[in-house]
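Heads up: the structure comes next, in structure tokens.
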Amino acid sequence: MRVLILGAGPAGLTAARTLRELAPSRSIDPAITMVSAEPSPPYSPPAMADYFLTGRNDALYWQGEDVCECLRIDYRPGFCVASVFPDQRQALLEDGSYLDYERLIIATGSRLHAPLRGYDLPGVYNFKSLAAARQLVERVKAGGVDTSLIVGAGFIGVEVAVLLNELGCAVTIIDKLWLMPNILDQETAELVQKDLENRGITVRLHAEALRFSGESDVTGVELDSGEMLVADAYIAATGVKPNVEFLEGSGLDIGWGVRVDNRMRTNLPNIWAAGDVAETFDRMSGERYVHAIWPNATAQGEVVAHDMLGFSTNYAGAETMNSMKHLGLPIMAVGAARGSETLRWRKGDKLRKIFLHDGRIVGFRLAGDTRGAGTYRALMLRRTDVRGFGEDLLDPRFRITRCVSPDVLYH
Ligand SMILES: Cc1cc2nc3c(=O)[nH]c(=O)nc-3n(C[C@H](O)[C@H](O)[C@H](O)COP(=O)(O)OP(=O)(O)OC[C@H]3O[C@@H](n4cnc5c(N)ncnc54)[C@H](O)[C@@H]3O)c2cc1C
């Protein structure tokens with residue numbers, strides 16, 4: 001079986017590892033080729049900030065720098081795939097060469113999505129790949145970057161803000177809504193804001209950037225108010241978008257990402273997709289969605305390998321789940337950020353909010369004390385009617401085992 005994996009992020013690498021681990025039980029020894037547009041060994045994007053701060057690369061190369069040798073993967077770093085021809089079972093690389101396959105896994109992840117003019121001007125940095133992040137950090141470490149401006153306060157923007165602040169740079173971060181608006185409700189976001197401001201980071205909210213201005217080089221960011229913000233370094237952190245453009249004309253069904261079923265199969269035979277590039281469905285609502293987070297990428301990579309080898313499998317759906325520990329206060333954000341009813345408890349910087357709909361948990365946000373997260377998530381996934389628990393749910397020591405039989409929850 002000749003398997004070609006496009007992309008060496010957590011989705012592609014997990015698929016490769018799982019294939020290697022499971023194949024012997026099917027008496028198969030797949031020949032695995034993995035291509036990455038980037039020149040580095042497979043790495044972990046969430047570990048980049050820590051790597052640039054500490055220089056330690058053990059978490060960055062999360063499966064080891066030699067993982068491809070260990071898993072007998074024919075790894076081709078620095079090769080970009082330009083097209084896929086499903087009828088011929090071939091992928092065309094940008095250097096003009098072709099790679100044949102019998103089974104194809106599309107795991108090309110996502111890149112910066114910047115729906116504003118000027119984002120591609122020289123001097124606008126992003127943090128969406130190791131190479132891009134390195135350019136920014138090397139410039140900051142070389143000196144001469146006293147001030148920086150980050151456009152977009154999602155979790156990547158906030159992570160870059162904390163990193164640049166720790167590297168000694170004055171940081172301003174702006175967003176048209178509030179901090180991490182796709183993940184946090186406004187009240188929880190205010191606690192994160194306080195933490196950033198305590199570090200000396202300037203947070204400007206409800207400020208929409210219209211464009212990065214400049215001719216041959218970026219010189220400022222123009223806001224909808226007409227104000228022009230100026231800094232020594234500019235970073236675009238306005239969102240992410242699946243890398244699907246090279247698949248145009250391939251016959252694959254593509255929406256925001258590559259559409260897959262509950263076995264991560266695309267609409268074409270022998271082609272699967274996983275990770276940030278795959279449009280799956282939300283575990284709770286069932287709606288088609290791309291939840292571009294690490295746990296979804298690795299879970300989907302595993303499903304691909306199981307299905308390819310003929311093991312029965314059923315992807316339960318993608319989740320919104322973010323745990324933030326690098327901020328001054330721990331945050332846990334799972335599921336929806338609103339419901340028809342909210343249970344709320346707050347004491348100082350400790351905040352617990354559980355969002356309910358029809359008596360069921362549809363999401364929760366915990367700040368300062370994340371105890372209970374596992375319990376709430378289990379209740380949410382089981383769609384357990386929690387009305388009987390009332391305000392007891394907000395107690396960090398609340399345990400479902402005290403109240404309902406584990407059989408109800410886990411079967
Ligand atoms: C700074 C940062 C912090 C993050 N922090 C968190 C976090 O705390 N928690 C969390 O859950 N998630 C986090 N994420 C998101 C998480 O990293 C992604 O969801 C995950 O990496 C997706 O894995 P993937 O394998 O689908 O894609 P990616 O990791 O994006 O990998 C895609 C791969 O495809 C390759 N590729 C792309 N196009 C081509 C092409 N045309 N030809 C060949 N190869 C190609 C790339 O080179 C790369 O190897 C963070 C992301 C970033 C950038």
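So you can find residues: chains in the structure tokens are A, B, ... in the order shown, residues in each start at 1, and ligands are numbered from 1 in order.
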Considering only strand (DSSP E) as DSSP defines it on the backbone, what residues of stretch 84-191 of chain A qualify? List them as an MDAnalysis selection string.
chainID A and resid 84:85 90:93 98:100 103:106 110:112 124:125 147:151 170:174
Would you save the residues of that selection, restricted to N, CA, C and O atoms, as an mmCIF file, in the first residue's frame?
data_model
loop_
_atom_site.group_PDB
_atom_site.id
_atom_site.type_symbol
_atom_site.label_atom_id
_atom_site.label_comp_id
_atom_site.auth_asym_id
_atom_site.auth_seq_id
_atom_site.Cartn_x
_atom_site.Cartn_y
_atom_site.Cartn_z
ATOM 1 N N VAL A 84 -3.424 18.069 -7.374
ATOM 2 C CA VAL A 84 -3.678 16.639 -7.167
ATOM 3 C C VAL A 84 -4.524 16.144 -8.339
ATOM 4 O O VAL A 84 -5.483 16.818 -8.740
ATOM 5 N N PHE A 85 -4.141 14.976 -8.899
ATOM 6 C CA PHE A 85 -4.884 14.391 -10.023
ATOM 7 C C PHE A 85 -5.427 13.032 -9.586
ATOM 8 O O PHE A 85 -4.745 12.007 -9.742
ATOM 9 N N GLN A 90 -1.994 10.843 -8.659
ATOM 10 C CA GLN A 90 -0.705 11.533 -8.631
ATOM 11 C C GLN A 90 -0.859 12.916 -7.993
ATOM 12 O O GLN A 90 -1.911 13.544 -8.109
ATOM 13 N N ALA A 91 0.223 13.363 -7.368
ATOM 14 C CA ALA A 91 0.293 14.745 -6.882
ATOM 15 C C ALA A 91 1.452 15.424 -7.607
ATOM 16 O O ALA A 91 2.527 14.825 -7.760
ATOM 17 N N LEU A 92 1.212 16.627 -8.049
ATOM 18 C CA LEU A 92 2.258 17.403 -8.735
ATOM 19 C C LEU A 92 2.888 18.354 -7.738
ATOM 20 O O LEU A 92 2.190 19.122 -7.071
ATOM 21 N N LEU A 93 4.213 18.301 -7.636
ATOM 22 C CA LEU A 93 4.911 19.227 -6.743
ATOM 23 C C LEU A 93 5.288 20.499 -7.505
ATOM 24 O O LEU A 93 5.354 20.497 -8.735
ATOM 25 N N TYR A 98 6.339 14.555 -9.998
ATOM 26 C CA TYR A 98 5.076 13.923 -9.587
ATOM 27 C C TYR A 98 5.342 12.870 -8.524
ATOM 28 O O TYR A 98 6.394 12.228 -8.531
ATOM 29 N N LEU A 99 4.379 12.692 -7.638
ATOM 30 C CA LEU A 99 4.428 11.594 -6.678
ATOM 31 C C LEU A 99 3.194 10.728 -6.902
ATOM 32 O O LEU A 99 2.079 11.249 -6.974
ATOM 33 N N ASP A 100 3.407 9.391 -7.029
ATOM 34 C CA ASP A 100 2.282 8.466 -7.194
ATOM 35 C C ASP A 100 1.772 8.024 -5.831
ATOM 36 O O ASP A 100 2.516 8.020 -4.851
ATOM 37 N N ARG A 103 -3.134 5.555 -1.797
ATOM 38 C CA ARG A 103 -4.021 6.204 -0.827
ATOM 39 C C ARG A 103 -3.459 7.594 -0.541
ATOM 40 O O ARG A 103 -2.252 7.731 -0.338
ATOM 41 N N LEU A 104 -4.342 8.573 -0.478
ATOM 42 C CA LEU A 104 -3.883 9.958 -0.275
ATOM 43 C C LEU A 104 -4.532 10.555 0.974
ATOM 44 O O LEU A 104 -5.750 10.426 1.176
ATOM 45 N N ILE A 105 -3.714 11.203 1.810
ATOM 46 C CA ILE A 105 -4.247 11.923 2.984
ATOM 47 C C ILE A 105 -3.921 13.405 2.811
ATOM 48 O O ILE A 105 -2.747 13.780 2.698
ATOM 49 N N ILE A 106 -4.952 14.213 2.775
ATOM 50 C CA ILE A 106 -4.744 15.661 2.675
ATOM 51 C C ILE A 106 -4.740 16.221 4.099
ATOM 52 O O ILE A 106 -5.748 16.149 4.809
ATOM 53 N N SER A 110 -3.752 24.913 7.821
ATOM 54 C CA SER A 110 -4.330 26.231 7.547
ATOM 55 C C SER A 110 -3.239 27.285 7.510
ATOM 56 O O SER A 110 -2.111 27.045 7.919
ATOM 57 N N ARG A 111 -3.602 28.440 7.019
ATOM 58 C CA ARG A 111 -2.657 29.558 6.967
ATOM 59 C C ARG A 111 -3.378 30.820 7.409
ATOM 60 O O ARG A 111 -4.577 30.785 7.712
ATOM 61 N N LEU A 112 -2.638 31.921 7.394
ATOM 62 C CA LEU A 112 -3.226 33.192 7.809
ATOM 63 C C LEU A 112 -4.413 33.560 6.912
ATOM 64 O O LEU A 112 -4.325 33.470 5.694
ATOM 65 N N VAL A 124 4.899 42.913 7.081
ATOM 66 C CA VAL A 124 3.771 42.415 7.890
ATOM 67 C C VAL A 124 4.075 40.952 8.223
ATOM 68 O O VAL A 124 4.189 40.116 7.328
ATOM 69 N N TYR A 125 4.234 40.680 9.512
ATOM 70 C CA TYR A 125 4.594 39.327 9.951
ATOM 71 C C TYR A 125 3.349 38.551 10.344
ATOM 72 O O TYR A 125 2.287 39.124 10.589
ATOM 73 N N THR A 147 8.570 48.834 19.414
ATOM 74 C CA THR A 147 7.109 48.783 19.514
ATOM 75 C C THR A 147 6.550 47.810 18.478
ATOM 76 O O THR A 147 7.077 47.694 17.361
ATOM 77 N N SER A 148 5.478 47.135 18.847
ATOM 78 C CA SER A 148 4.850 46.201 17.903
ATOM 79 C C SER A 148 3.338 46.373 17.961
ATOM 80 O O SER A 148 2.781 46.761 18.998
ATOM 81 N N LEU A 149 2.712 46.066 16.834
ATOM 82 C CA LEU A 149 1.256 46.202 16.737
ATOM 83 C C LEU A 149 0.685 44.901 16.184
ATOM 84 O O LEU A 149 1.054 44.472 15.083
ATOM 85 N N ILE A 150 -0.197 44.282 16.948
ATOM 86 C CA ILE A 150 -0.794 43.015 16.528
ATOM 87 C C ILE A 150 -2.244 43.275 16.143
ATOM 88 O O ILE A 150 -3.028 43.792 16.945
ATOM 89 N N VAL A 151 -2.602 42.911 14.925
ATOM 90 C CA VAL A 151 -3.979 43.094 14.463
ATOM 91 C C VAL A 151 -4.691 41.746 14.579
ATOM 92 O O VAL A 151 -4.349 40.795 13.888
ATOM 93 N N ALA A 170 7.424 46.701 23.430
ATOM 94 C CA ALA A 170 6.137 47.309 23.798
ATOM 95 C C ALA A 170 5.081 46.806 22.802
ATOM 96 O O ALA A 170 5.285 46.887 21.593
ATOM 97 N N VAL A 171 3.976 46.266 23.334
ATOM 98 C CA VAL A 171 2.991 45.612 22.469
ATOM 99 C C VAL A 171 1.640 46.306 22.551
ATOM 100 O O VAL A 171 1.143 46.598 23.642
ATOM 101 N N THR A 172 1.052 46.550 21.373
ATOM 102 C CA THR A 172 -0.360 46.943 21.311
ATOM 103 C C THR A 172 -1.086 45.876 20.528
ATOM 104 O O THR A 172 -0.617 45.442 19.473
ATOM 105 N N ILE A 173 -2.224 45.421 21.046
ATOM 106 C CA ILE A 173 -3.024 44.420 20.329
ATOM 107 C C ILE A 173 -4.414 45.017 20.129
ATOM 108 O O ILE A 173 -4.976 45.611 21.055
ATOM 109 N N ILE A 174 -4.933 44.879 18.895
ATOM 110 C CA ILE A 174 -6.254 45.457 18.640
ATOM 111 C C ILE A 174 -7.206 44.383 18.121
ATOM 112 O O ILE A 174 -6.795 43.395 17.520
#
Distance limit 6 Å, reference ligand 1, atoms considered: only C-alpha atoms and all ligand atoms. Which residues make the cut? Give them as JSON, numbers by chain.
{"A": [6, 7, 8, 9, 10, 11, 12, 35, 36, 37, 38, 45, 46, 79, 80, 81, 82, 107, 108, 109, 110, 127, 128, 156, 243, 275, 276, 277, 292, 293, 294, 295, 297, 322]}
Non-local contacts of A:Ile32 (10 Å; only C-alpha atoms; under 5 positions in same chain excluded) as a PyMOL selection string:
chain A and resi 1-5+16+19-20+68+71-75+101+103
Selected residues written out with N, CA and C atoms, as a PDB file, in the first residue's frame:
ATOM      1  N   MET A   1       0.860  -1.199   0.000  1.00  0.00           N
ATOM      2  CA  MET A   1       0.000   0.000   0.000  1.00  0.00           C
ATOM      3  C   MET A   1       0.894   1.247   0.000  1.00  0.00           C
ATOM      4  N   ARG A   2       0.766   2.081  -1.037  1.00  0.00           N
ATOM      5  CA  ARG A   2       1.578   3.312  -1.094  1.00  0.00           C
ATOM      6  C   ARG A   2       0.723   4.485  -0.624  1.00  0.00           C
ATOM      7  N   VAL A   3       1.122   5.047   0.514  1.00  0.00           N
ATOM      8  CA  VAL A   3       0.339   6.139   1.114  1.00  0.00           C
ATOM      9  C   VAL A   3       1.109   7.446   0.958  1.00  0.00           C
ATOM     10  N   LEU A   4       0.435   8.436   0.458  1.00  0.00           N
ATOM     11  CA  LEU A   4       1.045   9.771   0.350  1.00  0.00           C
ATOM     12  C   LEU A   4       0.310  10.710   1.303  1.00  0.00           C
ATOM     13  N   ILE A   5       1.061  11.363   2.178  1.00  0.00           N
ATOM     14  CA  ILE A   5       0.463  12.303   3.131  1.00  0.00           C
ATOM     15  C   ILE A   5       0.929  13.709   2.779  1.00  0.00           C
ATOM     16  N   ALA A  16       0.239   9.055  10.116  1.00  0.00           N
ATOM     17  CA  ALA A  16       1.383   8.194   9.765  1.00  0.00           C
ATOM     18  C   ALA A  16       1.731   7.260  10.920  1.00  0.00           C
ATOM     19  N   LEU A  19      -0.936   4.587  11.356  1.00  0.00           N
ATOM     20  CA  LEU A  19      -0.812   3.580  10.287  1.00  0.00           C
ATOM     21  C   LEU A  19       0.311   2.603  10.614  1.00  0.00           C
ATOM     22  N   ARG A  20       1.456   3.145  10.987  1.00  0.00           N
ATOM     23  CA  ARG A  20       2.611   2.300  11.307  1.00  0.00           C
ATOM     24  C   ARG A  20       2.281   1.347  12.454  1.00  0.00           C
ATOM     25  N   CYS A  68      10.575  10.793  11.631  1.00  0.00           N
ATOM     26  CA  CYS A  68      10.312  10.205  10.302  1.00  0.00           C
ATOM     27  C   CYS A  68      11.194   8.988  10.048  1.00  0.00           C
ATOM     28  N   LEU A  71       9.717   6.145  12.144  1.00  0.00           N
ATOM     29  CA  LEU A  71       8.468   5.571  11.610  1.00  0.00           C
ATOM     30  C   LEU A  71       8.626   5.112  10.153  1.00  0.00           C
ATOM     31  N   ARG A  72       9.845   5.137   9.683  1.00  0.00           N
ATOM     32  CA  ARG A  72      10.142   4.743   8.286  1.00  0.00           C
ATOM     33  C   ARG A  72       9.247   5.518   7.300  1.00  0.00           C
ATOM     34  N   ILE A  73       9.252   6.826   7.480  1.00  0.00           N
ATOM     35  CA  ILE A  73       8.509   7.698   6.562  1.00  0.00           C
ATOM     36  C   ILE A  73       9.512   8.317   5.583  1.00  0.00           C
ATOM     37  N   ASP A  74       9.200   8.233   4.321  1.00  0.00           N
ATOM     38  CA  ASP A  74      10.010   8.934   3.312  1.00  0.00           C
ATOM     39  C   ASP A  74       9.552  10.400   3.368  1.00  0.00           C
ATOM     40  N   TYR A  75      10.278  11.209   4.147  1.00  0.00           N
ATOM     41  CA  TYR A  75       9.842  12.577   4.418  1.00  0.00           C
ATOM     42  C   TYR A  75      10.478  13.547   3.429  1.00  0.00           C
ATOM     43  N   TYR A 101       0.530   7.646  -5.778  1.00  0.00           N
ATOM     44  CA  TYR A 101      -0.010   7.105  -4.530  1.00  0.00           C
ATOM     45  C   TYR A 101      -1.113   6.085  -4.818  1.00  0.00           C
ATOM     46  N   ARG A 103      -3.134   5.555  -1.797  1.00  0.00           N
ATOM     47  CA  ARG A 103      -4.021   6.204  -0.827  1.00  0.00           C
ATOM     48  C   ARG A 103      -3.459   7.594  -0.541  1.00  0.00           C
TER      49      ARG A 103
END
Restrict the calculation to only C-alpha atoms, then for each residue of stretch 277-395 of chain A with any atom at most 12 Å from an atom of stretch 175-180 of chain A give the closest atom pair and their distance in Å to one decimal, rows by chain and rising residue number, as CSV.
residue,atom,partner,partner_atom,distance
A:Asn322,CA,A:Met180,CA,10.8
A:Met324,CA,A:Met180,CA,11.3
A:Ile331,CA,A:Met180,CA,11.7
A:Ala333,CA,A:Met180,CA,10.6
A:Ala337,CA,A:Met180,CA,11.3
Record the distance separating atom CA of A:Ile235 and atom CA of A:Met332, expressed in Å with one decimal.
25.8 Å
